[in-house]
$ cat input-v1.cif   # mmCIF, C-alpha atoms
data_protein
loop_
_atom_site.label_atom_id
_atom_site.label_comp_id
_atom_site.auth_asym_id
_atom_site.auth_seq_id
_atom_site.Cartn_x
_atom_site.Cartn_y
_atom_site.Cartn_z
CA MET I 732 4.26 -17.10 37.78
CA SER I 733 2.07 -16.27 40.76
CA ASP I 734 2.81 -13.73 43.46
CA LEU I 735 2.35 -16.51 45.97
CA SER I 736 5.50 -18.23 44.81
CA PHE I 737 7.51 -15.11 45.62
CA GLU I 738 5.78 -14.43 48.93
CA THR I 739 6.48 -17.89 50.30
CA ARG I 740 10.16 -17.83 49.32
CA GLN I 741 12.76 -17.14 51.96
CA THR I 742 16.46 -17.00 51.32
CA PRO I 743 18.11 -19.90 53.16
CA THR I 744 21.12 -19.26 55.33
CA ILE I 745 24.14 -20.48 53.39
CA GLN I 746 27.60 -20.75 54.87
CA SER I 747 30.02 -21.14 51.98
CA GLY I 748 30.36 -22.48 48.47
CA GLU I 749 33.11 -24.96 49.31
CA GLY I 750 31.22 -28.11 48.51
CA SER I 751 32.88 -31.35 47.47
CA PHE I 752 32.54 -32.81 43.99
CA GLY I 753 29.85 -35.13 45.35
CA ASP I 754 27.82 -32.18 46.66
CA TYR I 755 27.66 -30.65 43.19
CA PHE I 756 26.75 -34.02 41.74
CA ALA I 757 23.98 -34.36 44.34
CA LEU I 758 22.47 -31.11 42.98
CA MET I 759 21.69 -33.04 39.81
CA LYS I 760 19.39 -35.48 41.66
CA PRO I 761 21.18 -38.71 40.66
CA ARG I 762 18.21 -40.94 41.57
CA VAL I 763 15.89 -39.02 39.25
CA MET I 764 18.63 -39.07 36.60
CA SER I 765 18.80 -42.87 36.78
CA LEU I 766 15.07 -43.10 35.93
CA VAL I 767 15.55 -40.59 33.11
CA ILE I 768 18.49 -42.59 31.73
CA PHE I 769 16.47 -45.80 31.84
CA THR I 770 13.31 -44.46 30.16
CA ALA I 771 15.26 -42.46 27.56
CA LEU I 772 17.31 -45.57 26.75
CA VAL I 773 14.10 -47.55 26.23
CA GLY I 774 12.71 -44.81 23.94
CA LEU I 775 15.95 -44.83 21.95
CA LEU I 776 16.23 -48.62 21.63
CA VAL I 777 12.59 -49.47 20.85
CA ALA I 778 12.65 -46.98 17.96
CA PRO I 779 12.66 -48.72 14.56
CA VAL I 780 15.72 -46.76 13.40
CA PRO I 781 19.12 -48.17 14.42
CA VAL I 782 21.45 -45.67 16.06
CA HIS I 783 25.26 -45.70 16.03
CA PRO I 784 26.33 -46.83 19.54
CA MET I 785 28.42 -43.70 20.10
CA VAL I 786 25.56 -41.42 18.99
CA GLY I 787 23.16 -43.39 21.20
CA PHE I 788 25.52 -43.12 24.17
CA CYS I 789 25.87 -39.36 23.66
CA ALA I 790 22.09 -38.93 23.31
CA ILE I 791 21.45 -40.70 26.65
CA LEU I 792 24.32 -38.87 28.34
CA PHE I 793 23.10 -35.41 27.30
CA ILE I 794 19.47 -36.20 28.12
CA ALA I 795 20.71 -37.25 31.59
CA ILE I 796 22.79 -34.07 31.94
CA GLY I 797 19.74 -32.02 30.89
CA ALA I 798 17.68 -33.78 33.57
CA GLY I 799 20.45 -33.11 36.10
CA ALA I 800 20.55 -29.46 35.09
CA SER I 801 16.82 -29.08 35.68
CA GLY I 802 17.31 -30.80 39.05
CA ALA I 803 19.98 -28.22 39.99
CA LEU I 804 17.66 -25.38 38.94
CA ASN I 805 14.86 -26.94 40.99
CA MET I 806 17.13 -27.19 44.05
CA TRP I 807 18.18 -23.55 43.60
CA TRP I 808 14.57 -22.37 43.48
CA ASP I 809 13.24 -24.68 46.21
CA ALA I 810 16.09 -24.18 48.70
CA ASP I 811 13.73 -22.43 51.13
CA ILE I 812 11.19 -25.25 51.30
CA ASP I 813 13.90 -27.92 51.15
CA GLN I 814 15.12 -26.50 54.45
CA VAL I 815 11.73 -27.14 56.04
CA MET I 816 11.08 -30.67 54.82
CA ARG I 817 12.76 -33.60 56.61
CA ARG I 818 13.22 -35.51 53.36
CA THR I 819 15.12 -32.65 51.67
CA ARG I 820 16.85 -30.94 54.59
CA LYS I 821 20.20 -32.57 53.84
CA ARG I 822 20.34 -31.43 50.21
CA PRO I 823 23.50 -29.44 49.37
CA ILE I 824 21.96 -25.94 49.48
CA PRO I 825 19.91 -26.17 52.72
CA ALA I 826 22.85 -28.06 54.30
CA GLY I 827 25.07 -25.06 53.50
CA LYS I 828 27.48 -27.01 51.31
CA VAL I 829 26.76 -25.25 48.01
CA ALA I 830 25.79 -21.60 47.54
CA PRO I 831 22.46 -20.99 45.70
CA GLY I 832 24.22 -18.94 43.02
CA GLU I 833 26.51 -21.87 42.24
CA ALA I 834 23.53 -24.20 41.83
CA LEU I 835 21.91 -21.68 39.48
CA ALA I 836 25.11 -21.34 37.43
CA LEU I 837 25.56 -25.11 37.26
CA GLY I 838 21.93 -25.58 36.23
CA LEU I 839 22.02 -22.93 33.51
CA GLY I 840 25.45 -23.98 32.22
CA LEU I 841 24.57 -27.66 31.99
CA SER I 842 21.18 -26.85 30.42
CA GLY I 843 22.86 -24.99 27.57
CA LEU I 844 25.56 -27.63 27.14
CA SER I 845 23.15 -30.58 27.12
CA VAL I 846 20.67 -29.01 24.68
CA VAL I 847 23.34 -27.90 22.19
CA MET I 848 25.23 -31.20 22.39
CA LEU I 849 22.07 -33.31 22.01
CA ALA I 850 20.99 -31.27 18.98
CA LEU I 851 24.46 -31.67 17.44
CA ALA I 852 24.72 -35.37 18.25
CA THR I 853 21.21 -36.31 17.06
CA ASN I 854 18.79 -33.75 15.64
CA LEU I 855 17.25 -30.33 16.31
CA LEU I 856 13.86 -31.68 17.40
CA ALA I 857 15.47 -33.78 20.15
CA GLY I 858 17.45 -30.73 21.31
CA PHE I 859 14.29 -28.59 21.30
CA LEU I 860 12.35 -31.22 23.29
CA LEU I 861 15.13 -31.39 25.89
CA ALA I 862 15.16 -27.57 26.18
CA PHE I 863 11.38 -27.58 26.59
CA THR I 864 11.58 -30.31 29.25
CA ILE I 865 14.14 -28.33 31.28
CA PHE I 866 12.00 -25.19 30.95
CA PHE I 867 8.87 -27.12 31.92
CA TYR I 868 10.43 -28.65 35.03
CA ALA I 869 12.35 -25.59 36.23
CA VAL I 870 9.88 -22.83 35.34
CA VAL I 871 6.39 -24.29 34.81
CA TYR I 872 6.59 -26.89 37.60
CA SER I 873 9.11 -25.59 40.17
CA MET I 874 8.54 -21.84 39.93
CA TRP I 875 4.88 -21.72 39.04
CA LEU I 876 2.71 -24.78 39.69
CA LYS I 877 4.39 -26.41 42.69
CA ARG I 878 3.42 -23.64 45.10
CA SER I 879 0.24 -22.42 43.48
CA THR I 880 -1.99 -25.40 42.67
CA PRO I 881 -2.68 -28.89 44.03
CA GLN I 882 -2.57 -30.04 40.40
CA ASN I 883 1.21 -29.40 40.50
CA ILE I 884 1.95 -33.13 40.36
CA VAL I 885 -0.38 -33.78 37.43
CA ILE I 886 0.96 -31.09 35.08
CA GLY I 887 4.51 -31.17 36.42
CA GLY I 888 4.56 -34.91 35.75
CA ALA I 889 4.92 -34.06 32.07
CA ALA I 890 8.55 -33.10 32.68
CA GLY I 891 9.33 -36.63 33.86
CA ALA I 892 7.39 -38.10 30.95
CA PHE I 893 9.45 -36.52 28.18
CA PRO I 894 12.71 -38.61 28.35
CA PRO I 895 11.43 -41.71 26.44
CA MET I 896 9.97 -39.39 23.82
CA ILE I 897 13.31 -37.54 23.51
CA GLY I 898 15.08 -40.90 23.21
CA TRP I 899 12.69 -41.91 20.43
CA VAL I 900 13.08 -38.58 18.63
CA ALA I 901 16.89 -38.80 18.96
CA ALA I 902 16.71 -42.05 16.97
CA THR I 903 13.93 -41.32 14.48
CA GLY I 904 13.87 -37.52 14.17
CA SER I 905 10.09 -37.36 14.61
CA ILE I 906 7.32 -37.88 17.16
CA SER I 907 5.00 -40.84 16.63
CA LEU I 908 2.15 -42.64 18.41
CA GLU I 909 4.54 -44.95 20.26
CA ALA I 910 6.50 -41.99 21.64
CA ALA I 911 3.27 -40.22 22.63
CA LEU I 912 2.01 -43.34 24.45
CA MET I 913 5.30 -43.79 26.33
CA PHE I 914 4.95 -40.14 27.37
CA ALA I 915 1.33 -40.70 28.41
CA LEU I 916 2.26 -43.80 30.42
CA ILE I 917 4.60 -41.83 32.70
CA PHE I 918 2.32 -38.80 32.70
CA MET I 919 -0.72 -40.76 33.93
CA TRP I 920 1.40 -42.82 36.34
CA THR I 921 2.84 -39.78 38.16
CA PRO I 922 -0.29 -38.61 40.08
CA PRO I 923 -1.19 -41.94 41.76
CA HIS I 924 2.52 -42.53 42.49
CA PHE I 925 3.08 -39.20 44.23
CA TRP I 926 -0.32 -38.95 45.90
CA ALA I 927 0.20 -42.37 47.47
CA LEU I 928 3.48 -40.95 48.86
CA ALA I 929 1.73 -37.76 50.01
CA LEU I 930 -0.81 -39.82 51.99
CA PHE I 931 1.88 -41.19 54.32
CA MET I 932 4.36 -38.26 54.19
CA LYS I 933 1.72 -35.71 55.18
CA SER I 934 3.64 -33.63 57.71
CA ASP I 935 6.46 -32.77 55.29
CA TYR I 936 4.25 -31.17 52.66
CA ASN I 937 2.13 -29.49 55.35
CA ASP I 938 5.17 -27.91 56.99
CA ALA I 939 6.52 -26.62 53.68
CA GLY I 940 3.17 -25.09 52.68
CA VAL I 941 3.18 -26.91 49.35
CA PRO I 942 -0.45 -27.21 48.20
CA MET I 943 -0.65 -30.96 47.85
CA LEU I 944 -4.06 -32.42 47.11
CA THR I 945 -4.07 -34.02 50.58
CA VAL I 946 -3.89 -30.54 52.14
CA THR I 947 -6.18 -28.53 49.84
CA HIS I 948 -8.91 -31.06 49.02
CA GLY I 949 -8.53 -33.54 51.85
CA ARG I 950 -7.37 -37.11 52.05
CA ARG I 951 -10.71 -38.61 51.00
CA GLU I 952 -10.54 -36.72 47.69
CA THR I 953 -6.87 -37.75 47.24
CA ARG I 954 -7.84 -41.39 47.59
CA ARG I 955 -10.57 -40.88 44.96
CA GLN I 956 -8.15 -39.14 42.58
CA ILE I 957 -5.61 -42.00 42.95
CA LEU I 958 -8.32 -44.43 41.83
CA ILE I 959 -9.43 -42.20 38.91
CA TYR I 960 -5.89 -41.76 37.57
CA THR I 961 -5.11 -45.46 37.95
CA ILE I 962 -8.26 -46.29 35.95
CA LEU I 963 -7.17 -43.79 33.26
CA LEU I 964 -3.63 -45.19 33.29
CA ALA I 965 -4.67 -48.76 32.40
CA PRO I 966 -5.92 -48.05 28.83
CA VAL I 967 -2.76 -46.04 28.12
CA ALA I 968 -0.53 -48.93 29.22
CA LEU I 969 -2.65 -51.43 27.29
CA GLY I 970 -2.88 -49.08 24.28
CA LEU I 971 0.89 -49.22 24.00
CA ALA I 972 0.47 -52.97 23.60
CA LEU I 973 -1.28 -52.35 20.27
CA THR I 974 1.73 -50.58 18.76
CA PRO I 975 4.62 -52.29 16.96
CA VAL I 976 7.05 -51.65 19.84
CA ALA I 977 5.15 -54.04 22.13
CA GLY I 978 5.04 -57.81 21.86
CA PRO I 979 3.24 -60.64 23.68
CA LEU I 980 5.46 -60.32 26.76
CA TYR I 981 4.46 -56.65 27.13
CA ILE I 982 0.76 -57.46 26.75
CA ALA I 983 0.93 -60.14 29.45
CA THR I 984 2.99 -57.94 31.78
CA ALA I 985 0.76 -54.90 31.27
CA LEU I 986 -2.39 -56.93 31.98
CA VAL I 987 -1.01 -58.31 35.25
CA LEU I 988 0.59 -55.06 36.46
CA ASN I 989 -2.48 -52.95 35.72
CA ALA I 990 -4.76 -55.44 37.46
CA ILE I 991 -2.54 -55.29 40.59
CA PHE I 992 -2.26 -51.49 40.46
CA LEU I 993 -6.04 -51.12 40.05
CA LYS I 994 -6.61 -53.45 43.01
CA GLY I 995 -4.17 -51.35 45.10
CA ALA I 996 -5.88 -48.08 44.10
CA TRP I 997 -9.27 -49.65 44.89
CA ASP I 998 -7.99 -50.66 48.34
CA ILE I 999 -6.69 -47.14 48.97
CA TRP I 1000 -10.04 -45.67 47.93
CA ARG I 1001 -12.01 -47.97 50.23
CA ARG I 1002 -9.94 -47.10 53.30
CA ASP I 1003 -10.43 -44.13 55.57
CA GLU I 1004 -7.90 -42.38 57.78
CA THR I 1005 -8.76 -44.44 60.87
CA MET I 1006 -8.03 -47.67 59.03
CA ALA I 1007 -4.86 -46.24 57.49
CA GLU I 1008 -3.50 -44.94 60.79
CA ALA I 1009 -4.29 -48.27 62.46
CA ASP I 1010 -1.80 -50.12 60.24
CA ASN I 1011 0.56 -47.16 59.73
CA TYR I 1012 -0.49 -46.63 56.08
CA ALA I 1013 0.58 -50.14 55.09
CA VAL I 1014 -1.59 -50.25 51.95
CA GLU I 1015 -0.55 -46.77 50.81
CA LYS I 1016 3.13 -47.64 51.30
CA LYS I 1017 2.66 -50.94 49.46
CA VAL I 1018 0.98 -49.24 46.49
CA PHE I 1019 3.68 -46.55 46.38
CA LYS I 1020 6.43 -49.20 46.27
CA PHE I 1021 4.52 -51.21 43.70
CA SER I 1022 4.05 -48.12 41.49
CA ILE I 1023 7.86 -47.90 41.11
CA LEU I 1024 8.01 -51.55 40.09
CA TYR I 1025 5.02 -50.99 37.75
CA LEU I 1026 6.82 -48.35 35.71
CA PHE I 1027 10.16 -50.14 35.79
CA LEU I 1028 8.62 -53.39 34.50
CA HIS I 1029 6.61 -51.74 31.72
CA PHE I 1030 9.70 -50.09 30.29
CA GLY I 1031 11.92 -53.05 31.16
CA VAL I 1032 9.75 -55.42 29.14
CA LEU I 1033 9.69 -53.00 26.19
CA LEU I 1034 13.48 -52.93 26.34
CA SER I 1035 13.75 -56.73 26.58
CA GLU I 1036 11.48 -57.24 23.59
CA ALA I 1037 13.38 -54.67 21.52
CA THR I 1038 16.67 -56.38 22.42
CA LEU I 1039 15.29 -59.83 21.53
CA THR I 1040 13.92 -58.53 18.22
CA ARG I 1041 17.29 -57.01 17.33
CA ALA I 1042 18.94 -60.30 18.18
CA GLY I 1043 16.54 -61.95 15.72
CA ILE I 1044 14.50 -63.77 18.35
CA THR I 1045 10.70 -63.57 18.18
CA LEU I 1046 8.57 -64.84 21.04
CA ILE I 1047 5.53 -65.90 18.99
CA GLY I 1048 5.41 -66.84 15.33
CA GLY I 1049 8.16 -65.30 13.22
CA MET G 172 61.01 -33.22 57.11
CA ALA G 173 57.43 -34.47 57.19
CA PHE G 174 54.72 -32.43 55.46
CA GLY G 175 51.80 -31.28 57.58
CA LYS G 176 48.44 -32.97 57.09
CA ASP G 177 46.21 -31.19 54.58
CA HIS G 178 43.26 -29.29 55.98
CA GLU G 179 39.90 -30.93 55.21
CA LEU G 180 39.04 -27.93 53.01
CA HIS G 181 42.10 -28.54 50.82
CA THR G 182 41.24 -32.22 50.46
CA ARG G 183 37.74 -31.23 49.36
CA ARG G 184 39.06 -28.64 46.89
CA SER G 185 41.56 -31.12 45.51
CA GLY G 186 38.82 -33.72 45.01
CA ARG G 187 36.70 -31.12 43.24
CA ASN G 188 39.55 -30.04 40.98
CA PHE G 189 40.40 -33.62 40.01
CA GLY G 190 36.70 -34.25 39.38
CA VAL G 191 36.43 -31.24 37.06
CA ALA G 192 39.64 -32.27 35.28
CA GLY G 193 38.23 -35.76 34.75
CA LEU G 194 34.99 -34.31 33.38
CA LEU G 195 36.82 -32.04 30.94
CA ILE G 196 38.98 -34.90 29.66
CA GLY G 197 35.86 -37.06 29.38
CA PHE G 198 34.02 -34.32 27.47
CA ALA G 199 36.91 -33.95 25.03
CA ALA G 200 36.95 -37.74 24.51
CA ILE G 201 33.18 -37.76 23.90
CA VAL G 202 33.36 -34.94 21.34
CA PHE G 203 36.22 -36.75 19.60
CA GLY G 204 34.35 -40.08 19.61
CA LEU G 205 31.16 -38.41 18.39
CA THR G 206 33.04 -36.72 15.56
CA ILE G 207 34.53 -40.03 14.44
CA ALA G 208 31.10 -41.70 14.63
CA LYS G 209 29.37 -38.91 12.67
CA VAL G 210 32.04 -38.78 9.99
CA SER G 211 32.15 -42.57 9.53
CA GLU G 212 28.31 -42.78 9.28
CA ASP G 213 28.37 -41.28 5.77
CA GLY G 214 31.06 -43.61 4.44
CA PRO G 215 34.43 -42.60 2.97
CA ILE G 216 34.82 -38.88 2.39
CA GLN G 217 36.37 -37.28 -0.69
CA GLY G 218 37.36 -33.65 -0.41
CA PHE G 219 37.34 -31.14 -3.27
CA ASP G 220 40.78 -31.16 -4.86
CA HIS G 221 40.23 -29.09 -8.07
CA VAL G 222 39.89 -32.19 -10.22
CA ALA G 223 36.52 -33.25 -11.63
CA ARG G 224 35.92 -36.88 -10.68
CA PRO G 225 33.28 -38.83 -12.63
CA GLU G 226 31.88 -40.70 -9.61
CA LEU G 227 31.12 -37.43 -7.76
CA ILE G 228 29.45 -35.89 -10.84
CA GLU G 229 27.33 -39.00 -11.39
CA ARG G 230 26.26 -39.01 -7.75
CA GLY G 231 25.31 -35.33 -7.99
CA GLN G 232 23.17 -35.91 -11.07
CA GLN G 233 21.16 -38.73 -9.48
#
$ encode --input "input-v1.cif" --output "structure tokens"
Amino acid sequence: MSDLSFETRQTPTIQSGEGSFGDYFALMKPRVMSLVIFTALVGLLVAPVPVHPMVGFCAILFIAIGAGASGALNMWWDADIDQVMRRTRKRPIPAGKVAPGEALALGLGLSGLSVVMLALATNLLAGFLLAFTIFFYAVVYSMWLKRSTPQNIVIGGAAGAFPPMIGWVAATGSISLEAALMFALIFMWTPPHFWALALFMKSDYNDAGVPMLTVTHGRRETRRQILIYTILLAPVALGLALTPVAGPLYIATALVLNAIFLKGAWDIWRRDETMAEADNYAVEKKVFKFSILYLFLHFGVLLSEATLTRAGITLIGG
Amino acid sequence: MAFGKDHELHTRRSGRNFGVAGLLIGFAAIVFGLTIAKVSEDGPIQGFDHVARPELIERGQQ
């Protein structure tokens, strides 16, 4: 943990801890949780080992609660910068609805509950991976990297990449190539996704003093890095096509989506600030929106193919 | 005699309390359901009742 992270922290002014039920739920970042639920569900269902529906439900529920707990810990730690940024100003702590200590208690309590319950419901390795993910997001990303290096997004992205692997491990009890590639897909996708956002949300990160690549290395370099990571992402997405979890539908989808994403990253790289400001960052916004669809469709197709296979339907041959 | 309207703070507290109650009931239901699922995964269970049963001995020797 760097000294910088402590120096830049300021205690936000909090009124009371009389938040509504919804305010406490908002601490768990429900939108992030929905992505976690989706990718963990895919990891669980594409695994070659069938899981009892109740065990599967519990596994997804406790992975989601673990993700929510790390979100609450992140909001507790980042309350000072959340107060500065427009996008996060209305979160429960900076808005004065929930006291920081309550967010910390909720985060720690739910972390312990989710890890223990996941380990009991599935296996120890899944519980350990969930504990590591919470630690990685709350401590490595939020407390350490976020305020100390522009590579925060790259390494911190690992926290968001773990859920499908945890889902897989919950079903199989071990880590395999498929789980590692699903992890790598989200890991490599995170930098171009967030840097595209940072290109058109520049003032927010500037005001908060978060060392985003756009601030520390300039916008030209950010555009170059988006292209590099998108090029590196393509073989990972296509590599997953070579594993037993992927079928012909995945191969076709991955080819099309990666071609579109690469074209978008190429367009971002070719533009300069004058061009971007002229059309109000239209290309950057388009690529950012597409990146969400990109990830959703990759995992969605994996899920569809797994469901069809379980129903005894094969798309080619069989 | 009509009751006075609840203060907004009390409405919020009440909502929170009902929410927590719902979560606790839900948690108990999940633990119960999980227990049933885990126990039924291994098939019928025979407890030790001080009588040697051939099928248990045979299974142990395999």
$ residues_around --input "input-v1.cif" --residues "Met806 in chain I" --least-positions-apart "5" --cutoff "8 Å" --atoms "only C-alpha atoms" --output "compact mmCIF listing (two decimals) with C-alpha atoms, keeping the file's coordinate frame"
# COMPACT_ATOMS: atom_id res chain seq x y z
CA LEU I 758 22.47 -31.11 42.98
CA ASP I 813 13.90 -27.92 51.15
CA ILE I 824 21.96 -25.94 49.48
CA ALA I 834 23.53 -24.20 41.83
$ atom_distance --input "input-v1.cif" --atom1 "CA of Ser765 in chain I" --atom2 "CA of Gly840 in chain I"
20.5 Å
$ closest_residue --input "input-v1.cif" --among "G:Ala200, G:Val210, G:Leu180, G:Ala192" --to "chain I" --atoms "only C-alpha atoms"
G:Leu180
$ interface_residues --input "input-v1.cif" --of "chain I" --to "chain G" --cutoff "10 Å" --atoms "all atoms listed in the file" --output "MDAnalysis selection string"
chainID I and resid 749:755 783:789 792 848 851:853
$ residues_around --input "input-v1.cif" --residues "range 935-947 of chain I" --least-positions-apart "4" --cutoff "12 Å" --atoms "only C-alpha atoms" --output "count of residues only"
48
$ build_atoms --input "input-v1.cif" --residues "range 175-195 of chain G" --atoms "N, CA, C and O atoms" --output "compact mmCIF listing (two decimals), keeping the file's coordinate frame"
# COMPACT_ATOMS: atom_id res chain seq x y z
N GLY G 175 52.97 -31.33 56.69
CA GLY G 175 51.80 -31.28 57.58
C GLY G 175 50.59 -31.88 56.88
O GLY G 175 50.52 -31.89 55.65
N LYS G 176 49.64 -32.36 57.67
CA LYS G 176 48.44 -32.97 57.09
C LYS G 176 47.58 -31.87 56.46
O LYS G 176 47.43 -30.79 57.02
N ASP G 177 47.07 -32.16 55.26
CA ASP G 177 46.21 -31.19 54.58
C ASP G 177 44.95 -30.89 55.40
O ASP G 177 44.39 -31.78 56.03
N HIS G 178 44.53 -29.65 55.35
CA HIS G 178 43.26 -29.29 55.98
C HIS G 178 42.14 -29.95 55.18
O HIS G 178 42.28 -30.15 53.97
N GLU G 179 41.04 -30.24 55.86
CA GLU G 179 39.90 -30.93 55.21
C GLU G 179 39.42 -30.14 54.00
O GLU G 179 39.02 -30.70 52.97
N LEU G 180 39.49 -28.80 54.11
CA LEU G 180 39.04 -27.93 53.01
C LEU G 180 39.88 -28.15 51.75
O LEU G 180 39.36 -28.20 50.64
N HIS G 181 41.20 -28.33 51.96
CA HIS G 181 42.10 -28.54 50.82
C HIS G 181 41.85 -29.90 50.16
O HIS G 181 41.92 -30.02 48.95
N THR G 182 41.56 -30.88 51.01
CA THR G 182 41.24 -32.22 50.46
C THR G 182 40.00 -32.13 49.59
O THR G 182 39.93 -32.71 48.51
N ARG G 183 39.00 -31.38 50.10
CA ARG G 183 37.74 -31.23 49.36
C ARG G 183 37.98 -30.50 48.03
O ARG G 183 37.48 -30.88 46.99
N ARG G 184 38.76 -29.42 48.11
CA ARG G 184 39.06 -28.64 46.89
C ARG G 184 39.80 -29.50 45.88
O ARG G 184 39.53 -29.45 44.69
N SER G 185 40.76 -30.27 46.39
CA SER G 185 41.56 -31.12 45.51
C SER G 185 40.66 -32.15 44.82
O SER G 185 40.77 -32.37 43.61
N GLY G 186 39.76 -32.75 45.59
CA GLY G 186 38.82 -33.72 45.01
C GLY G 186 37.97 -33.08 43.93
O GLY G 186 37.72 -33.67 42.87
N ARG G 187 37.54 -31.85 44.20
CA ARG G 187 36.70 -31.12 43.24
C ARG G 187 37.49 -30.82 41.97
O ARG G 187 37.00 -30.98 40.86
N ASN G 188 38.72 -30.39 42.14
CA ASN G 188 39.55 -30.04 40.98
C ASN G 188 39.84 -31.27 40.12
O ASN G 188 39.77 -31.19 38.90
N PHE G 189 40.16 -32.38 40.77
CA PHE G 189 40.40 -33.62 40.01
C PHE G 189 39.12 -34.07 39.31
O PHE G 189 39.17 -34.55 38.18
N GLY G 190 38.00 -33.89 39.97
CA GLY G 190 36.70 -34.25 39.38
C GLY G 190 36.43 -33.44 38.12
O GLY G 190 36.04 -33.99 37.09
N VAL G 191 36.65 -32.13 38.21
CA VAL G 191 36.43 -31.24 37.06
C VAL G 191 37.40 -31.60 35.92
O VAL G 191 37.01 -31.65 34.75
N ALA G 192 38.65 -31.88 36.29
CA ALA G 192 39.64 -32.27 35.28
C ALA G 192 39.20 -33.54 34.55
O ALA G 192 39.24 -33.61 33.32
N GLY G 193 38.73 -34.50 35.33
CA GLY G 193 38.23 -35.76 34.75
C GLY G 193 37.06 -35.51 33.80
O GLY G 193 36.99 -36.09 32.71
N LEU G 194 36.16 -34.63 34.22
CA LEU G 194 34.99 -34.31 33.38
C LEU G 194 35.41 -33.65 32.07
O LEU G 194 34.87 -33.96 31.01
N LEU G 195 36.37 -32.74 32.15
CA LEU G 195 36.82 -32.04 30.94
C LEU G 195 37.50 -33.02 29.97
O LEU G 195 37.25 -32.96 28.76
